[in-house]
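The structure appears below as structure tokens.
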Amino acid sequence: MQSGSGAPSADGIWHSLRLLSHPGAEALDVLDDGVIVVQDGSVAWTGLGSDLPSRYAALPRHDGGGALATPGLVDCHTHLVYGGQRANEFAMRLAGASYEEVARAGGGIVSTVRATRDASEDELFASSARRLQTLLAEGVCAIEVKSGYGLALEHERKQLRVARRLADAFGVTVKTTFLGAHALPPEYTGRSAEYIRMVCEIMLPALAREGLVDAVDVFCEKIAFSLDETEQVFRAAQALGLPVKLHAEQLSDMDGAALAARYGALSCDHIEHLSAKGIEAMRQAGTVAVLLPGAFYTLRDTQVPPISALRQAGVPMAVSTDHNPGTSPALSLLLMVNMACTLFRLTVPEAVAGVTQHAARALGLQHSHGAIIVGQAANFVLWNLQDPAELAYWFGQRPARTIVRQGKIRIIDSTEAS
């Protein structure tokens, strides 16, 4: 695995590819004898090898050997930076405890808050870096990292600083999301209104001034924050010019998606209990529905997101790991692609678009990630696969052969001749 600034340049002609340059939800059209030309770290040309302009003839050549080439993957919802782990709660749920019961017993998010507060920034970086490397090895080229396990200014800052460090250390696009309204910290028990004021008036403005926040999220749920509290956070974000996202309708229909759509939310995530009203509001706002099958699976949920209604409304559907220590300890985005197909009945083209173009849109990265387009930074993956459907079919292996991320060759195996 190559990381950091020392990775070799990907500039040159990448030829003999089976090119999936712009995944679509209707079909996965592959261009045989495809070529990607990279210059100065960006895509300069794509097309058939027979049409390659002569002006590129002198560039270095990279033989793809017939590999399937796709845009780099985008993991658009993660809680990657945290302390500790919660395997004991997994055992509790297996023994019959519900998600709400675990939370009310002092477990859940608050237990991770304790571990995250106790960890130093360097300790958080080291543990998060190991997790990130696992995702990167599978072809992830952009990732969201949320805070929300500090729930105090110094500890939320610590999480977000680690996220920025990960971006620099591994040459990967990281979008940071402030999730101060994730849970009520123990010291604010019974004082939810006071805590939300602190989030809006102290934490968010300070972190935004420090350049640590790209977007703002809230966990809107009966065991978390109300619709009114959510809107207070959204107003604070709006005043700072920051886009919003929402943990919406995971455990019940709180009407959060409709609220988020009114604020032009980038995405509403989980959405198992999403209503027709919420779907229509998201459609009108252009808000992405982010599906998180890892949490659905881990919690043994039975309420499937309204996939058919979302499909009929034309709401774009993204797929993500929701990596977190409590409800989705998943470090394979390709496994989530498989789960989205098997558990939620997405088609293969929908699922592949869900971890490329729609996931990029959920982060506001649609102009730089999720497709192989002239002018964008070179972020693409060569796979040891023949059929794009294999991206959803296999699980338990890592078929990525070569990963180009931010115009650099990040991983390469011995099968490539160049």
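The way I read the labels, and the way they are meant: chains A, B, ... in the order of the structure tokens, residue 1 as the first residue of every chain, and ligand 1 as the first ligand shown, with later ones counted on from there.
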Stretch 17-101 of chain A near stretch 262-285 of chain A within 12 Å: what's each residue's closest atom pair and its distance in Å to one decimal, counting only C-alpha atoms, ordered by chain then ascending residue number, as a Markdown table?
| residue | atom | partner | partner_atom | distance |
| --- | --- | --- | --- | --- |
| A:Cys76 | CA | A:Ser267 | CA | 9.5 |
| A:His77 | CA | A:Asp269 | CA | 8.1 |
| A:Thr78 | CA | A:Asp269 | CA | 11.0 |
If you keep N, CA and C atoms, can you produce a file of those selected residues as a PDB file, in the first residue's frame?
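File written: out.pdb
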ATOM      1  N   CYS A  76     -19.524   7.326   1.951  1.00  0.00           N
ATOM      2  CA  CYS A  76     -20.085   8.646   2.251  1.00  0.00           C
ATOM      3  C   CYS A  76     -20.695   8.784   3.641  1.00  0.00           C
ATOM      4  N   HIS A  77     -20.572   7.775   4.488  1.00  0.00           N
ATOM      5  CA  HIS A  77     -21.104   7.880   5.854  1.00  0.00           C
ATOM      6  C   HIS A  77     -20.277   6.977   6.751  1.00  0.00           C
ATOM      7  N   THR A  78     -19.349   7.566   7.523  1.00  0.00           N
ATOM      8  CA  THR A  78     -18.587   6.774   8.488  1.00  0.00           C
ATOM      9  C   THR A  78     -18.372   7.566   9.770  1.00  0.00           C
TER      10      THR A  78
END
Distance query A:Arg61 at most 9 Å, only C-alpha atoms, self and fewer than 2 positions along chain excluded, as an MDAnalysis selection string:
chainID A and resid 11:15 58:59 63 418
May I have all residues of stretch 141-320 of chain A that DSSP, computed from the backbone, assigns to alpha helix (DSSP H), given as a ChimeraX atom specification?
/A:153-170,192-198,204-209,227-239,256-262,276-285,293-298,307-313
Show me a table, sorted first by chain and then by increasing residue number, of the residues of stretch 172-191 of chain A having an atom at most 10 Å from stretch 223-238 of chain A, each with its shortest atom pair and the distance in Å to one decimal, counting only C-alpha atoms and written as CSV.
residue,atom,partner,partner_atom,distance
A:Phe178,CA,A:Ala237,CA,9.8
A:Leu179,CA,A:Val233,CA,9.9
A:Gly180,CA,A:Val233,CA,9.4
A:Ala181,CA,A:Phe225,CA,7.2
A:His182,CA,A:Ala224,CA,6.9
A:Ala183,CA,A:Ala224,CA,5.5
A:Leu184,CA,A:Ala224,CA,7.1
Select, from A:Gln386, A:Thr116, A:Thr327, A:Ser9, the residue with the minimum atom-to-atom distance to A:Tyr297, counting only C-alpha atoms.
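Once distances to A:Tyr297 are computed over only C-alpha atoms, the minimum belongs to A:Thr327.
For the atom pair formed by atom CA of A:Met92 and atom CA of A:Ala119, the distance is 24.7 Å, given to one decimal.
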As a PyMOL selection string, please: all residues of stretch 71-158 of chain A that backbone DSSP puts in strand (DSSP E or B).
chain A and resi 71+73-75+78+140-146
Produce a file of the selected residues containing C-alpha atoms, as a PDB file, in the first residue's frame.
ATOM      1  CA  PRO A  71     -14.277   5.243 -10.720  1.00  0.00           C
ATOM      2  CA  LEU A  73     -15.252   4.177  -4.558  1.00  0.00           C
ATOM      3  CA  VAL A  74     -16.744   6.721  -2.149  1.00  0.00           C
ATOM      4  CA  ASP A  75     -17.686   5.820   1.448  1.00  0.00           C
ATOM      5  CA  THR A  78     -18.587   6.774   8.488  1.00  0.00           C
ATOM      6  CA  VAL A 140     -12.093   3.812  -1.555  1.00  0.00           C
ATOM      7  CA  CYS A 141     -10.840   7.162  -2.883  1.00  0.00           C
ATOM      8  CA  ALA A 142     -13.032   9.524  -0.852  1.00  0.00           C
ATOM      9  CA  ILE A 143     -14.554   9.130   2.577  1.00  0.00           C
ATOM     10  CA  GLU A 144     -16.641  11.041   5.069  1.00  0.00           C
ATOM     11  CA  VAL A 145     -15.561  11.081   8.718  1.00  0.00           C
ATOM     12  CA  LYS A 146     -17.999  12.287  11.371  1.00  0.00           C
TER      13      LYS A 146
END
